[in-house]
Structure formats: C-alpha cells, structure tokens
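*Asks:* Dropping the structure in here first, questions after.
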There are 2 protein chains.
Amino acid sequence: MNSRPAPTSNSRAPEEGKDNVTRLSEKREKILEGALRVFLAQGYSASMDAIAAEAGVAKQTVYSHFKDKHSLFSALIDRLLDHFVSAGLTADLLALDARSFIRKIAHITLSRMDDWEYVSLLRLIIGESGRFPELSELYVSHMVKPGIEKLAAYLRANEQVRFSDPEATARIIHGALINFVILQEVMHGKHAMPMSRERLINSIVDMVLFAGEQGKQSS
Amino acid sequence: MNSRPAPTSNSRAPEEGKDNVTRLSEKREKILEGALRVFLAQGYSASMDAIAAEAGVAKQTVYSHFKDKHSLFSALIDRLLDHFVSAGLTADLLALDARSFIRKIAHITLSRMDDWEYVSLLRLIIGESGRFPELSELYVSHMVKPGIEKLAAYLRANEQVRFSDPEATARIIHGALINFVILQEVMHGKHAMPMSRERLINSIVDMVLFAGEQGKQSS
DNA sequence: CAAATGCTAGACTAGTCAGTATGACTTCTC
DNA sequence: GAGAAGTCATACTGACTAGTCTAGCATTTG
C-alpha cells in the first residue's frame, strides 16, 4: 500500500505573454471564483476541500494564498461587496425628473432579484451576521448607507418634491425595495405571495410623489 | 481506568399533582428551550451535545423525543413561528382611525427590535433559507402573508383613505418596517446609520396618509 | 546546471459531530 | 414485587474537517 500513483502528466500551458504579477494572481483568482460558488451555495460551513476542488486547485495552494478559512471568506465577501457597490446609481441619474428617477432607482434595485449571486450574498451576509458582525457592518456602511444618502440628497435637492424628512423617506423607499427582494427571492416567497415588480414600483412612485407634492403645498 | 463514577444521587423531585401527559411533555419542553437558546445563538451548526447540556438533559433523551437534528430544528422553528404569530395585530385595532392604526402597527412591528429572540429568529430563518427553504416559506405564509393581507384589508375598507393598490401599499409599509429591523438590529447597522423609530414611523404615517388622501380626491 | 518558487496529490494529525449502544437508576402501574 | 417506561452518564462508531506535512514536478532565474 501507500503506492504513489503514476505522476499525472502535469502539463501546464506555457502562458507566454503574461508577466509575473498576472501569473501570480491567476491562482488566487481561481480560488476566489471557486470559493464564491461554494460559499454562496453552501454557506460558511462549506469545506475547504470542496472549495479547492471547485477551484481546480490543490488545497495547499489555497492555504498559500489565504491564511485560513476566515481570511478567505472575508476576502471573498469584501470583493463581492466591491463588485456590487460599483454597480450603484451613477451621477447621470441625478438629472432625471423625480418620477423617472425613482422609477429608475427601483428598477435597478429590483433587477438584482435575477442575480443568483446577489440573492445568495444577501442571504449569506444576513445569515452570518451573528458570527461575522464585521461583514454585515461592511455591507451596511459600504452598500446601504451610500445608497440611502444619495437618494436622500436627491430628494432634498429636487425642486419638484419636498419632504419633512428626506432621510427617513429614503429609508422607506429602500426598505420597501430590498424587503421585496428578500421576501420574494431570498425567502422563496414568490409562490406564496406573488406580485409583479411593476405593481410595487408604481405604488412606491405614486406614494412618494403624492407625499412630495403635499409637502410642497404645506410649506 | 474506565472507572464508573459513583452514581450521583439521582434525586428527582416527586412532582406530585402532575398527570402523565404533563410529565411526558416536561422534558420535551426543556429540550426545546435549550435548543432555542443554542440554535438562536449559534445557528443550525450548533451541536447536539451543546443543546442537551443547555437543556440539562442527557443526549439520549433528546433523541428519544426528536428523531434527529433536523426534526428538532424544524419543531423549534415551527413553535417559534406560532409564538410570534399569536402576537400579531388583533381585531380591536381595526376600530382605530387611519393615523392611529398605522402608528400602532408600526410600533408593534418595531417593538420586536428589542426582542433578542425575534431578531435572532429572523437572522436564522433568512440565513438557513437556502438549506431549509420550507422554513422560510412557512415564515412567509404564516407570518408575513396574513399580516400584509390584514393591513391591505384595512387600507381597502377604511373610508378615510383610498389607494389604487392596497396590497402593494401594505407591502411598502411592511417592507419599510421590517427592513428597518433587519438593518438596525440583525445587521448591526444602528451604529453606522442611526435613526430613531419615531422618525421612521412619522414619515411612514405622513406618506401613507398623504397618498391615501390624494387617492380619494382623484377618484 | 542549480537554486528558487509555485504548484500538485495525497497522507496525516487532531479534533468535532451526529447518532447509537450500554447498563444502571427511578418512578409508575399492575 | 415484577415489569414497563423514561431517564441518566458514558462510551463508542463512523464520518467529516481545518490545517499541516511530504515529496515530487514544472518553470523561471541566475
């Protein structure tokens, strides 16, 4: 026993034309991609063997790039958060009129319902917010806070509407949208309580604009 | 070695005055209470040894009442869901005027932020909604759906307000409230983005009433 | 060529965990 | 008092896991 198997022809492609730095981060990239699939599917309890296998990489290689499981997990979540942050609301939206602006924001937020990675990330961050409070705080401060602040800034600056408390109003809009994502997709509620995105968006837009109109009259 | 320790004086209180059924369910109750504390604190990955210890019961006793870990977990979540459902909105609230009604609903919903068990349950159900979709569906159909339907029924029936889509409006109110709980407590966002409950509630009430008022005028 | 670096497969350590088995103790019922 | 039912502490099995170690292979660099 203990027969060492025939050394599998360890063929590695030449990979010419790539400098050291690129090649250095190549394996790291593969590991993060494998970890993404496995962690998002199975949660933090996923095994390091499964991650290495999914990444197509030896377990030792994982440990040569990341100190331990916690580090890998944190690095992955950081990366994912960065990825989704960059897809936030851009400056050109601010030129839109109030109705179009809110519609657009709502559409962008709800479009993430179709993104398995986003839905799984949401579930993972909320689920592990007990064990990894620093990650959920990162989510709040990097994704939620800037989004709500930008929305509030728009509501405060726009001439067409006036609210007594734009920050709270922004939270209501955001909460209605994110909770829809959580309820329908994260918690699989779309069968038990179906509702089209358009219906929700229409109601939000109407409600906000009515209230913003009223705020102007009473000022 | 392998010295069997002196049989600890297995003193059991007489427990007179309790019939068989009561005594039968006594251990089960202790197990569920221990499981509650441990599962809510550590998630599904908590060990059965830890649960038995927390319940003050032998592990074998746990397995004599529950087939396996999954059964115990499901039974516990079922029970917790029942517990929180019963504390929902009661019939006497329906007599309130629109402003008071919405305030009351909001206060009740947000008061659960102070309940460690509720916050942990929310985190647990969302976090395990990948592994246990049936539990999150139970949460949706037993807690969320009835609540939103009652709220929508009120909004539809009340003479003081009129909405083009009461169901969607109810979802907005519910989403704004629950998301506040998730953001502030479940995800520990209350330090990064503090906001008083009263501010949120005032904005929700104003927004809904303005919109409900407008809906009447345009009909 | 020779050293260095990064990788691979696989064995290994030390520990945990779900679930089962054992044998003894207590209480109730007949 | 005998048997049944429930419980207890403890030990055990088998599987799995995080992380380490070894020894060898491939490529780059000096």
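Quick note on naming: the chains in the structure tokens go A, B, ... in the order shown, residues restart at 1 in each chain, and ligands are numbered from 1 in order of appearance.
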Would you mind listing what lies within 8 Å of Ile178 of chain A as JSON, numbers by chain, with only C-alpha atoms (C1' of nucleotides) counted and same-chain residues fewer than 5 positions away left out?
*Replies:* {"A": [109, 110], "B": [175, 179]}
*Asks:* Report as a tab-separated table the residues of chain C within 9 Å of chain A, each with its shortest atom pair and distance in Å (one decimal), using only C-alpha atoms (C1' of nucleotides), ordered by chain and increasing residue number.
*Replies:*
```
residue	atom	partner	partner_atom	distance
C:DG6	C1'	A:Thr61	CA	8.6
C:DC7	C1'	A:Thr61	CA	7.1
C:DT8	C1'	A:Ala58	CA	6.2
C:DA9	C1'	A:Ala58	CA	7.7
C:DG10	C1'	A:Arg4	CA	8.5
C:DA11	C1'	A:Asn2	CA	8.7
```
*Asks:* Write out the residues from the selection above, keeping C-alpha atoms (C1' of nucleotides), as a CSV table (one decimal), in the first residue's frame.
*Replies:*
```
chain,number,residue,atom,x,y,z
C,6,DG,C1',4.9,27.8,-7.0
C,7,DC,C1',2.2,24.1,-7.7
C,8,DT,C1',0.3,19.1,-7.1
C,9,DA,C1',-1.5,14.8,-5.0
C,10,DG,C1',-2.1,12.7,-1.1
C,11,DA,C1',-1.2,11.3,3.6
```
*Asks:* Would you list which chain A residues are within 7 Å of chain B using only C-alpha atoms, as a PyMOL selection string?
*Replies:* chain A and resi 123-124+126-129+133+136-137+140-141+145+165+168-169+172+175-176+179-180+186-189+192-193+199-200+203+207-208+210-211+214
*Asks:* Tell me as a PyMOL selection string which residues belonging to chain D come within 8 Å of chain A, counting only C-alpha atoms (C1' of nucleotides).
*Replies:* chain D and resi 17-18+25-26
*Asks:* Mind giving me the straight-line distance from atom CA of Leu76 of chain A to atom C1' of DG19 of chain D in Å, one decimal?
*Replies:* 19.6 Å
*Asks:* Go through D:DG6, D:DG30, D:DG24, D:DG1 and flag the residue nearest DC1 of chain C, using only C-alpha atoms (C1' of nucleotides) for the distances.
*Replies:* D:DG30
*Asks:* Using Å and a single decimal, report how far atom C1' of DT20 of chain D sits from atom C1' of DA3 of chain C.
*Replies:* 24.9 Å
*Asks:* Give the answer as one residue: which of B:Arg37, B:Arg99, B:Lys30, B:His142 has the shortest atom-to-atom distance to Asn158 of chain B, using only C-alpha atoms?
*Replies:*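 Answer, going by the shortest atom-to-atom distance: B:Arg99.
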